[in-house]
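Shown below: model.cif, with mmCIF, C-alpha atoms and all ligand atoms.
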data_my_file
#
loop_
_atom_site.label_atom_id
_atom_site.label_comp_id
_atom_site.auth_asym_id
_atom_site.auth_seq_id
_atom_site.Cartn_x
_atom_site.Cartn_y
_atom_site.Cartn_z
CA MET Y 1 20.92 -8.92 17.30
CA LYS Y 2 17.40 -7.83 18.17
CA VAL Y 3 14.76 -6.89 15.61
CA LEU Y 4 11.87 -5.03 17.19
CA VAL Y 5 8.50 -4.99 15.44
CA ALA Y 6 6.72 -2.01 16.98
CA THR Y 7 3.18 -1.49 15.72
CA GLU Y 8 0.68 0.54 17.68
CA LYS Y 9 -1.86 -0.69 15.07
CA PRO Y 10 -1.04 -4.43 14.86
CA PHE Y 11 -0.50 -6.47 11.72
CA ALA Y 12 -2.67 -9.54 11.14
CA ALA Y 13 -1.35 -12.47 13.22
CA VAL Y 14 -0.50 -14.43 10.07
CA ALA Y 15 1.79 -11.59 8.94
CA VAL Y 16 3.50 -11.44 12.35
CA ASP Y 17 4.11 -15.21 12.21
CA GLY Y 18 5.72 -14.84 8.79
CA MET Y 19 7.92 -11.96 9.95
CA ARG Y 20 9.02 -13.89 13.02
CA LYS Y 21 9.96 -16.85 10.80
CA VAL Y 22 12.05 -14.72 8.41
CA ILE Y 23 13.87 -13.02 11.29
CA GLU Y 24 14.47 -16.12 13.44
CA GLU Y 25 15.57 -18.24 10.47
CA ALA Y 26 18.25 -15.61 9.86
CA GLY Y 27 19.48 -16.18 13.42
CA LEU Y 28 18.17 -12.84 14.70
CA GLU Y 29 16.11 -12.22 17.83
CA PHE Y 30 12.48 -11.20 17.28
CA GLU Y 31 10.58 -8.93 19.68
CA LEU Y 32 7.01 -7.76 19.24
CA LEU Y 33 5.53 -4.60 20.74
CA GLU Y 34 1.91 -4.15 19.71
CA LYS Y 35 -0.81 -1.70 20.79
CA TYR Y 36 1.60 0.24 22.97
CA LYS Y 37 0.08 3.20 24.76
CA SER Y 38 3.00 5.63 25.10
CA ALA Y 39 6.21 6.68 23.39
CA ASP Y 40 8.02 5.64 26.57
CA GLU Y 41 7.05 2.00 25.96
CA LEU Y 42 8.47 2.24 22.44
CA LYS Y 43 11.58 3.97 23.75
CA ALA Y 44 12.21 1.24 26.31
CA ALA Y 45 11.79 -1.54 23.73
CA ALA Y 46 14.01 0.30 21.20
CA ALA Y 47 16.85 0.72 23.72
CA ASN Y 48 18.70 -2.48 22.73
CA ALA Y 49 17.34 -3.03 19.20
CA GLU Y 50 19.56 -3.21 16.11
CA ALA Y 51 16.56 -2.96 13.81
CA ILE Y 52 13.01 -1.65 14.16
CA ILE Y 53 10.08 -2.41 11.88
CA ILE Y 54 7.18 0.03 12.14
CA ARG Y 55 3.99 1.18 10.43
CA SER Y 56 2.78 4.75 11.10
CA ASP Y 57 4.61 4.63 14.45
CA ILE Y 58 6.57 7.79 15.25
CA ILE Y 59 10.33 7.44 15.22
CA ASN Y 60 11.55 10.86 16.32
CA ALA Y 61 14.87 12.16 17.65
CA ASP Y 62 13.91 11.13 21.18
CA ILE Y 63 13.42 7.48 20.21
CA LEU Y 64 16.53 7.47 17.99
CA GLU Y 65 18.69 8.89 20.76
CA ALA Y 66 17.40 6.21 23.14
CA ALA Y 67 18.46 3.43 20.69
CA PRO Y 68 22.27 3.54 20.49
CA LYS Y 69 22.61 0.11 18.80
CA LEU Y 70 20.08 0.91 16.07
CA LYS Y 71 21.24 0.34 12.48
CA ILE Y 72 18.03 0.27 10.47
CA VAL Y 73 14.38 1.31 10.63
CA VAL Y 74 12.04 -0.19 8.05
CA ARG Y 75 8.66 1.44 7.60
CA ALA Y 76 6.46 -1.48 6.50
CA GLY Y 77 4.46 0.62 4.08
CA ALA Y 78 4.87 3.54 1.73
CA GLY Y 79 4.76 6.89 3.59
CA TYR Y 80 7.69 7.68 5.86
CA ASP Y 81 6.67 11.12 7.14
CA ASN Y 82 6.54 9.53 10.62
CA VAL Y 83 10.33 9.04 10.77
CA ASP Y 84 12.86 11.78 11.55
CA LEU Y 85 15.05 11.40 8.46
CA GLU Y 86 17.59 14.07 9.43
CA THR Y 87 18.37 12.68 12.89
CA SER Y 88 18.47 9.09 11.66
CA LYS Y 89 20.89 10.09 8.90
CA ALA Y 90 23.07 12.01 11.35
CA GLN Y 91 23.13 8.93 13.61
CA GLY Y 92 24.01 6.61 10.71
CA VAL Y 93 20.68 4.79 10.94
CA VAL Y 94 19.33 3.66 7.56
CA VAL Y 95 15.61 4.23 6.97
CA GLN Y 96 13.79 2.18 4.33
CA ASN Y 97 10.18 1.74 3.21
CA THR Y 98 8.48 -1.10 1.34
CA PRO Y 99 6.96 0.63 -1.70
CA GLY Y 100 3.98 -0.99 -3.42
CA GLN Y 101 3.44 -3.75 -0.88
CA ASN Y 102 0.17 -2.42 0.54
CA SER Y 103 -1.04 -0.33 -2.38
CA ASN Y 104 -3.81 -2.60 -3.66
CA ALA Y 105 -5.43 -2.61 -0.22
CA VAL Y 106 -5.49 1.21 -0.14
CA ALA Y 107 -6.80 1.33 -3.71
CA GLU Y 108 -9.67 -1.04 -2.90
CA LEU Y 109 -10.69 1.16 0.02
CA VAL Y 110 -10.93 4.13 -2.37
CA PHE Y 111 -13.73 2.23 -4.11
CA GLY Y 112 -15.39 1.34 -0.81
CA MET Y 113 -15.61 5.07 -0.24
CA ALA Y 114 -16.52 5.98 -3.83
CA VAL Y 115 -19.50 3.59 -3.84
CA MET Y 116 -20.56 4.82 -0.39
CA ALA Y 117 -20.55 8.42 -1.63
CA ALA Y 118 -22.34 7.53 -4.87
CA ARG Y 119 -25.07 5.69 -2.93
CA ASN Y 120 -25.60 8.51 -0.42
CA SER Y 121 -24.22 6.46 2.48
CA TYR Y 122 -26.95 3.88 1.87
CA ASN Y 123 -29.58 6.21 3.34
CA GLY Y 124 -32.42 4.92 1.18
CA THR Y 125 -32.39 7.74 -1.37
CA SER Y 126 -31.54 7.22 -5.03
CA GLY Y 127 -27.84 7.47 -5.68
CA THR Y 128 -25.64 7.34 -8.77
CA GLU Y 129 -23.33 4.81 -10.42
CA LEU Y 130 -19.60 4.99 -10.96
CA ARG Y 131 -19.82 3.76 -14.55
CA GLY Y 132 -19.12 6.58 -16.98
CA LYS Y 133 -17.98 8.99 -14.26
CA ARG Y 134 -14.66 10.83 -14.38
CA LEU Y 135 -12.05 9.88 -11.79
CA GLY Y 136 -9.00 12.06 -11.24
CA LEU Y 137 -5.90 10.87 -9.40
CA GLN Y 138 -3.70 13.31 -7.56
CA ALA Y 139 -0.36 11.47 -7.94
CA TYR Y 140 0.25 8.41 -10.06
CA GLY Y 141 2.40 6.23 -7.83
CA GLN Y 142 1.75 2.68 -6.69
CA VAL Y 143 -1.64 3.39 -5.12
CA GLY Y 144 -2.76 5.66 -7.96
CA ARG Y 145 -1.96 2.95 -10.51
CA ASN Y 146 -3.99 0.37 -8.63
CA VAL Y 147 -6.90 2.81 -8.34
CA ALA Y 148 -6.72 3.41 -12.12
CA ARG Y 149 -6.74 -0.33 -12.83
CA ILE Y 150 -9.81 -0.93 -10.67
CA ALA Y 151 -11.58 2.19 -12.03
CA GLN Y 152 -11.28 0.84 -15.55
CA GLY Y 153 -13.22 -2.22 -14.39
CA PHE Y 154 -16.00 0.15 -13.32
CA ASN Y 155 -15.86 1.75 -16.81
CA MET Y 156 -14.84 5.11 -15.40
CA SER Y 157 -12.67 7.50 -17.40
CA VAL Y 158 -9.43 8.06 -15.52
CA SER Y 159 -7.01 10.98 -15.58
CA ALA Y 160 -4.09 11.84 -13.33
CA PHE Y 161 -1.92 14.77 -12.33
CA ASP Y 162 1.60 13.87 -11.29
CA PRO Y 163 4.48 16.18 -12.21
CA TYR Y 164 6.96 13.43 -11.26
CA CYS Y 165 5.47 10.78 -13.57
CA PRO Y 166 6.13 10.78 -17.33
CA ASP Y 167 2.97 11.11 -19.46
CA GLU Y 168 3.78 7.86 -21.29
CA VAL Y 169 3.46 5.84 -18.07
CA MET Y 170 -0.12 7.08 -17.75
CA THR Y 171 -1.06 6.79 -21.42
CA ASN Y 172 0.27 3.21 -21.48
CA ASP Y 173 -2.23 2.45 -18.71
CA GLY Y 174 -5.10 4.16 -20.54
CA VAL Y 175 -4.97 7.11 -18.14
CA LYS Y 176 -5.14 10.70 -19.42
CA PRO Y 177 -2.21 12.80 -18.18
CA LEU Y 178 -3.17 16.20 -16.76
CA HIS Y 179 -0.78 19.09 -16.28
CA SER Y 180 -2.36 21.18 -13.53
CA VAL Y 181 -4.18 20.80 -10.25
CA ASP Y 182 -6.83 23.11 -11.72
CA ASP Y 183 -7.57 20.66 -14.54
CA LEU Y 184 -7.60 17.77 -12.08
CA TYR Y 185 -10.22 19.29 -9.80
CA SER Y 186 -12.34 21.10 -12.41
CA GLY Y 187 -12.55 18.13 -14.77
CA ASN Y 188 -13.41 15.20 -12.50
CA ASP Y 189 -16.49 13.98 -10.64
CA ILE Y 190 -14.31 12.16 -8.11
CA VAL Y 191 -10.77 13.13 -7.11
CA SER Y 192 -8.68 10.61 -5.18
CA VAL Y 193 -5.67 12.00 -3.33
CA HIS Y 194 -2.40 10.04 -3.24
CA ILE Y 195 0.27 12.65 -2.56
CA PRO Y 196 2.68 12.22 0.37
CA ALA Y 197 2.82 14.71 3.25
CA THR Y 198 5.85 16.92 2.59
CA PRO Y 199 6.57 20.58 3.37
CA GLU Y 200 5.37 21.37 -0.21
CA THR Y 201 2.11 19.42 -0.01
CA ARG Y 202 1.02 20.32 3.52
CA LYS Y 203 -2.37 22.12 3.44
CA SER Y 204 -2.10 22.28 -0.33
CA ILE Y 205 -5.72 21.17 -0.90
CA GLY Y 206 -8.00 23.90 0.35
CA TYR Y 207 -11.06 26.02 -0.36
CA PHE Y 208 -10.22 27.10 -3.92
CA THR Y 209 -9.06 23.66 -5.01
CA ILE Y 210 -12.12 21.90 -3.60
CA THR Y 211 -14.69 24.40 -4.86
CA ASN Y 212 -13.18 24.03 -8.33
CA MET Y 213 -14.89 20.63 -8.52
CA PRO Y 214 -18.00 20.20 -10.70
CA LEU Y 215 -21.49 19.82 -9.24
CA GLY Y 216 -21.68 16.75 -6.99
CA GLY Y 217 -17.90 16.49 -6.67
CA VAL Y 218 -16.50 13.85 -4.32
CA LEU Y 219 -13.06 14.18 -2.75
CA ILE Y 220 -11.48 11.01 -1.36
CA ASN Y 221 -8.32 11.14 0.74
CA THR Y 222 -6.54 7.91 1.64
CA ALA Y 223 -3.15 9.65 1.76
CA ARG Y 224 -2.41 11.94 4.72
CA LYS Y 225 -4.60 14.39 6.69
CA GLU Y 226 -1.82 16.99 6.57
CA VAL Y 227 -2.29 17.65 2.85
CA ILE Y 228 -5.74 19.14 3.50
CA ASP Y 229 -6.29 22.71 4.69
CA GLU Y 230 -9.03 21.82 7.18
CA ASP Y 231 -10.49 25.34 7.49
CA GLY Y 232 -10.63 25.59 3.71
CA LEU Y 233 -12.33 22.19 3.53
CA ALA Y 234 -15.00 23.24 6.07
CA LYS Y 235 -15.65 26.50 4.17
CA ALA Y 236 -15.90 24.63 0.86
CA LEU Y 237 -18.38 22.10 2.31
CA ARG Y 238 -20.43 24.95 3.81
CA GLU Y 239 -20.65 26.90 0.56
CA ARG Y 240 -21.06 23.91 -1.74
CA PRO Y 241 -23.72 21.58 -0.30
CA ASP Y 242 -23.25 19.23 -3.26
CA ILE Y 243 -19.65 18.32 -2.38
CA LYS Y 244 -18.65 15.28 -0.27
CA TYR Y 245 -15.39 14.47 1.52
CA LEU Y 246 -14.41 10.94 2.56
CA ALA Y 247 -11.11 10.16 4.22
CA ASP Y 248 -9.15 7.29 5.67
CA VAL Y 249 -7.07 9.89 7.45
CA LYS Y 250 -9.33 11.56 9.99
CA PRO Y 251 -8.93 15.34 10.12
CA ASP Y 252 -8.36 17.08 13.44
CA ASN Y 253 -11.76 18.78 13.03
CA ALA Y 254 -13.53 15.48 12.20
CA ASP Y 255 -16.15 15.75 14.96
CA ALA Y 256 -17.08 19.31 14.01
CA LEU Y 257 -17.27 18.37 10.32
CA LYS Y 258 -19.44 15.35 11.09
CA ALA Y 259 -21.77 17.43 13.27
CA GLU Y 260 -22.14 20.11 10.62
CA PHE Y 261 -22.18 18.06 7.41
CA GLY Y 262 -23.53 14.64 8.46
CA ASP Y 263 -23.35 12.00 5.72
CA ARG Y 264 -21.56 14.35 3.33
CA VAL Y 265 -18.40 13.50 5.23
CA PHE Y 266 -17.08 10.09 6.23
CA PHE Y 267 -13.99 9.14 8.21
CA THR Y 268 -12.68 5.72 9.14
CA PRO Y 269 -12.09 5.57 12.92
CA LYS Y 270 -8.41 4.69 12.36
CA LYS Y 271 -6.36 4.58 9.16
CA MET Y 272 -7.62 1.33 7.59
CA GLY Y 273 -6.39 1.50 3.98
CA ALA Y 274 -3.51 -0.93 4.47
CA GLN Y 275 -5.30 -3.00 7.09
CA THR Y 276 -5.81 -6.26 5.19
CA ALA Y 277 -4.15 -9.62 5.81
CA GLU Y 278 -2.68 -9.51 2.29
CA ALA Y 279 -1.17 -6.04 2.69
CA ASN Y 280 0.12 -6.91 6.18
CA ILE Y 281 1.76 -10.07 4.87
CA ASN Y 282 3.25 -8.30 1.82
CA ALA Y 283 4.56 -5.24 3.66
CA GLY Y 284 5.49 -7.02 6.91
CA ILE Y 285 7.44 -9.83 5.29
CA ALA Y 286 9.10 -7.47 2.81
CA ALA Y 287 10.21 -5.36 5.80
CA ALA Y 288 11.55 -8.43 7.64
CA ARG Y 289 13.47 -9.54 4.53
CA GLN Y 290 14.89 -6.04 4.04
CA VAL Y 291 16.11 -5.97 7.64
CA VAL Y 292 17.81 -9.36 7.25
CA ALA Y 293 19.34 -8.37 3.88
CA TYR Y 294 20.73 -5.17 5.37
CA LEU Y 295 22.05 -6.62 8.63
CA LYS Y 296 23.55 -9.70 6.94
CA ASN Y 297 24.69 -8.36 3.55
CA GLY Y 298 24.46 -4.58 3.68
CA GLU Y 299 21.76 -4.59 0.94
CA ASN Y 300 20.13 -1.21 0.94
CA ARG Y 301 17.87 -0.80 -2.08
CA PHE Y 302 14.97 1.00 -0.45
CA GLN Y 303 16.77 3.63 1.63
CA VAL Y 304 14.78 6.89 1.92
CA ASN Y 305 17.19 8.96 4.05
CA LYS Y 306 20.19 9.12 1.71
C1 LIG A 401 1.35 3.73 4.06
O1 LIG A 401 1.94 4.82 4.04
O2 LIG A 401 1.90 2.67 3.73
C2 LIG A 401 -0.11 3.69 4.41
O3 LIG A 401 -0.56 4.94 4.78
C3 LIG A 401 -0.45 2.64 5.44
O4 LIG A 401 -0.09 3.01 6.74
P1 LIG A 401 -0.29 2.02 7.99
O5 LIG A 401 0.72 0.95 7.88
O6 LIG A 401 -0.08 2.88 9.18
O7 LIG A 401 -1.67 1.47 7.94
#
The structure in this file should be written as structure tokens.
Ligand code: 3PG
Amino acid sequence: MKVLVATEKPFAAVAVDGMRKVIEEAGLEFELLEKYKSADELKAAAANAEAIIIRSDIINADILEAAPKLKIVVRAGAGYDNVDLETSKAQGVVVQNTPGQNSNAVAELVFGMAVMAARNSYNGTSGTELRGKRLGLQAYGQVGRNVARIAQGFNMSVSAFDPYCPDEVMTNDGVKPLHSVDDLYSGNDIVSVHIPATPETRKSIGYFTITNMPLGGVLINTARKEVIDEDGLAKALRERPDIKYLADVKPDNADALKAEFGDRVFFTPKKMGAQTAEANINAGIAAARQVVAYLKNGENRFQVNK
């Protein structure tokens, strides 16, 4: 039985070694496809795979149809908007993710960006400190919780809006629960976005949401580019020269935004939030173990396409 690890953006070598070990020790065949350049390469490698482990790699109907032996796809990471859940379900292919395994890495990058914004991109001018500032989290899942924990070390006051998370979970962590997006954006100096890309959230953060922020507001997005209304963002940045936008998920209009707004916007060249050895090891090995547990024992705790 072949387990294909297909990552256009490779894991750290140490994580790949660990995954190989888990898979081979279970008596399964391990194949690695890294830095592939076209969907055809992925399609060809998937053709005789029983399991595929991916990151943000696209598993659409085309790939699924080309993989008749496929039983399971594990997204080594949290967001699974890159996998066609309907087609996989119809084909009897289980899709799982590995929640929480890379969340600290993403949370730490939020602070890389927050400090960069507070210090004016290190341009020599006098910046501000994070201590005492208000940080708002849009969603209080695994990443949001790690961001809150780190923010408390900076002595920031933390609040969160998450209609799916009970207030007590937040209050137990010393985080103030909020009950509207309006309160989140109007009441925080920095807002960090952690919502998934779904039909409901697509383009949900736009001009009115962003311009609701107080003077000097900073918006940080390490979630998905799709949740931002890019025209609304550009209009907000144009009308509010005090606002900054930093993202680990480069918008389609990144070049135009950079040309117009300079250091008030920052984008990583490629999604880097989960790109640490630790996160790669945690998510990669969890994915390998989940594949083995499913193929050998039918264990299916993390299925996302039920
Ligand atoms: C996730 O959803 O887990 C993160 O966005 C990380 O994605 P990546 O594995 O493509 O870096």
Which residues of chain Y come within 7 Å of ligand LIG 401 (chain A), and what is each one's closest atom pair and distance in Å (one decimal), counting only C-alpha atoms and all ligand atoms, sorted by chain and residue number, as CSV?
residue,atom,partner,partner_atom,distance
Y:Arg55,CA,A:LIG401,O5,4.2
Y:Ser56,CA,A:LIG401,O6,3.9
Y:Ala76,CA,A:LIG401,O5,6.4
Y:Gly77,CA,A:LIG401,O2,3.3
Y:Ala78,CA,A:LIG401,O2,3.7
Y:Gly79,CA,A:LIG401,O1,3.5
Y:Tyr80,CA,A:LIG401,O1,6.7
Y:Asn102,CA,A:LIG401,O2,6.3
Y:Ala223,CA,A:LIG401,O3,6.2
Y:Lys271,CA,A:LIG401,O7,5.8
Y:Met272,CA,A:LIG401,O7,6.0
Y:Gly273,CA,A:LIG401,O7,6.2
Y:Ala274,CA,A:LIG401,O7,4.6
Y:Gln275,CA,A:LIG401,O7,5.8
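Distances here use only C-alpha atoms; by that measure, the residue among Y:Met116, Y:Glu41, Y:Gly141, Y:Met156 closest to Phe266 of chain Y is Y:Met116.
Pairwise distance (atom CA of Arg145 of chain Y, atom CA of Gly112 of chain Y) equals 16.6 Å.
Around Glu278 of chain Y, within 12 Å and counting all atoms listed in the file, the residues found are Phe11, Ala12, Ala13, Val14, Ala15, Val16, Gly18, Gln101, Asn102, Ser103, Asn104, Ala105, Val106, Gly273, Ala283, Gly284, Ile285 and Ala286 of chain Y, once anything fewer than 5 positions away on its own chain is removed.
Atom to atom, atom CA of Gly132 of chain Y and atom CA of Ser192 of chain Y stand 16.3 Å apart.
With all atoms listed in the file as the basis for measurement, Y:Ile205 is the residue among Y:Ile205, Y:Arg264, Y:Ala256, Y:Leu246 that approaches Gly232 of chain Y most closely.
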- Between Y:Leu219, Y:Ala90, Y:Ala139, Y:Ile150, smallest distance to Ser180 of chain Y by only C-alpha atoms belongs to Y:Ala139
- Task: Please tell me which residues are no farther than 6 Å from (5.2, 4.1, -5.3) in the file, counting only C-alpha atoms, and write them as number ranges by chain.
- Result: Y: 99-100, 141-142
Store the residues picked out above in a file with C-alpha atoms, as an mmCIF file, in the coordinates of the input.
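part-v4.cif, written as the output of this step:
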data_model
loop_
_atom_site.group_PDB
_atom_site.id
_atom_site.type_symbol
_atom_site.label_atom_id
_atom_site.label_comp_id
_atom_site.auth_asym_id
_atom_site.auth_seq_id
_atom_site.Cartn_x
_atom_site.Cartn_y
_atom_site.Cartn_z
ATOM 1 C CA PRO Y 99 6.960 0.630 -1.700
ATOM 2 C CA GLY Y 100 3.980 -0.990 -3.420
ATOM 3 C CA GLY Y 141 2.400 6.230 -7.830
ATOM 4 C CA GLN Y 142 1.750 2.680 -6.690
#
- Message: Please list as a list in words every residue within 12 Å of Gly262 of chain Y, counting only C-alpha atoms and excluding residues in the same chain fewer than 3 positions away.
- Response: Asn120, Ser121, Asn123, Leu237, Arg238, Pro241, Lys244, Tyr245, Leu246, Ala254, Asp255, Ala256, Leu257, Lys258, Ala259, Val265, Phe266 and Phe267 of chain Y
Please, could N, CA and C atoms be added to segment 66-83 of chain Y and the result written as a tab-separated table (two decimals), keeping the file's coordinate frame?
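That gives us out.tsv:
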chain	number	residue	atom	x	y	z
Y	66	ALA	N	17.50	7.25	22.10
Y	66	ALA	CA	17.40	6.21	23.14
Y	66	ALA	C	17.78	4.82	22.60
Y	67	ALA	N	18.17	4.74	21.31
Y	67	ALA	CA	18.46	3.43	20.69
Y	67	ALA	C	19.87	3.43	20.11
Y	68	PRO	N	20.89	3.38	20.97
Y	68	PRO	CA	22.27	3.54	20.49
Y	68	PRO	C	22.76	2.43	19.57
Y	69	LYS	N	22.14	1.23	19.65
Y	69	LYS	CA	22.61	0.11	18.80
Y	69	LYS	C	21.92	0.09	17.43
Y	70	LEU	N	20.94	0.98	17.26
Y	70	LEU	CA	20.08	0.91	16.07
Y	70	LEU	C	20.85	1.13	14.77
Y	71	LYS	N	20.58	0.24	13.79
Y	71	LYS	CA	21.24	0.34	12.48
Y	71	LYS	C	20.23	0.63	11.37
Y	72	ILE	N	19.01	0.13	11.56
Y	72	ILE	CA	18.03	0.27	10.47
Y	72	ILE	C	16.60	0.36	11.00
Y	73	VAL	N	15.82	1.24	10.37
Y	73	VAL	CA	14.38	1.31	10.63
Y	73	VAL	C	13.70	1.02	9.30
Y	74	VAL	N	12.81	0.04	9.28
Y	74	VAL	CA	12.04	-0.19	8.05
Y	74	VAL	C	10.58	0.14	8.33
Y	75	ARG	N	10.07	1.07	7.53
Y	75	ARG	CA	8.66	1.44	7.60
Y	75	ARG	C	7.92	0.43	6.69
Y	76	ALA	N	7.19	-0.49	7.28
Y	76	ALA	CA	6.46	-1.48	6.50
Y	76	ALA	C	5.25	-0.78	5.88
Y	77	GLY	N	5.48	-0.19	4.74
Y	77	GLY	CA	4.46	0.62	4.08
Y	77	GLY	C	5.13	1.64	3.19
Y	78	ALA	N	4.34	2.60	2.72
Y	78	ALA	CA	4.87	3.54	1.73
Y	78	ALA	C	5.35	4.85	2.36
Y	79	GLY	N	4.46	5.54	3.09
Y	79	GLY	CA	4.76	6.89	3.59
Y	79	GLY	C	5.69	6.84	4.79
Y	80	TYR	N	6.71	7.70	4.77
Y	80	TYR	CA	7.69	7.68	5.86
Y	80	TYR	C	7.80	9.05	6.55
Y	81	ASP	N	6.71	9.81	6.49
Y	81	ASP	CA	6.67	11.12	7.14
Y	81	ASP	C	6.66	11.00	8.66
Y	82	ASN	N	6.54	9.79	9.18
Y	82	ASN	CA	6.54	9.53	10.62
Y	82	ASN	C	7.95	9.28	11.18
Y	83	VAL	N	8.96	9.31	10.31
Y	83	VAL	CA	10.33	9.04	10.77
Y	83	VAL	C	11.17	10.30	10.60
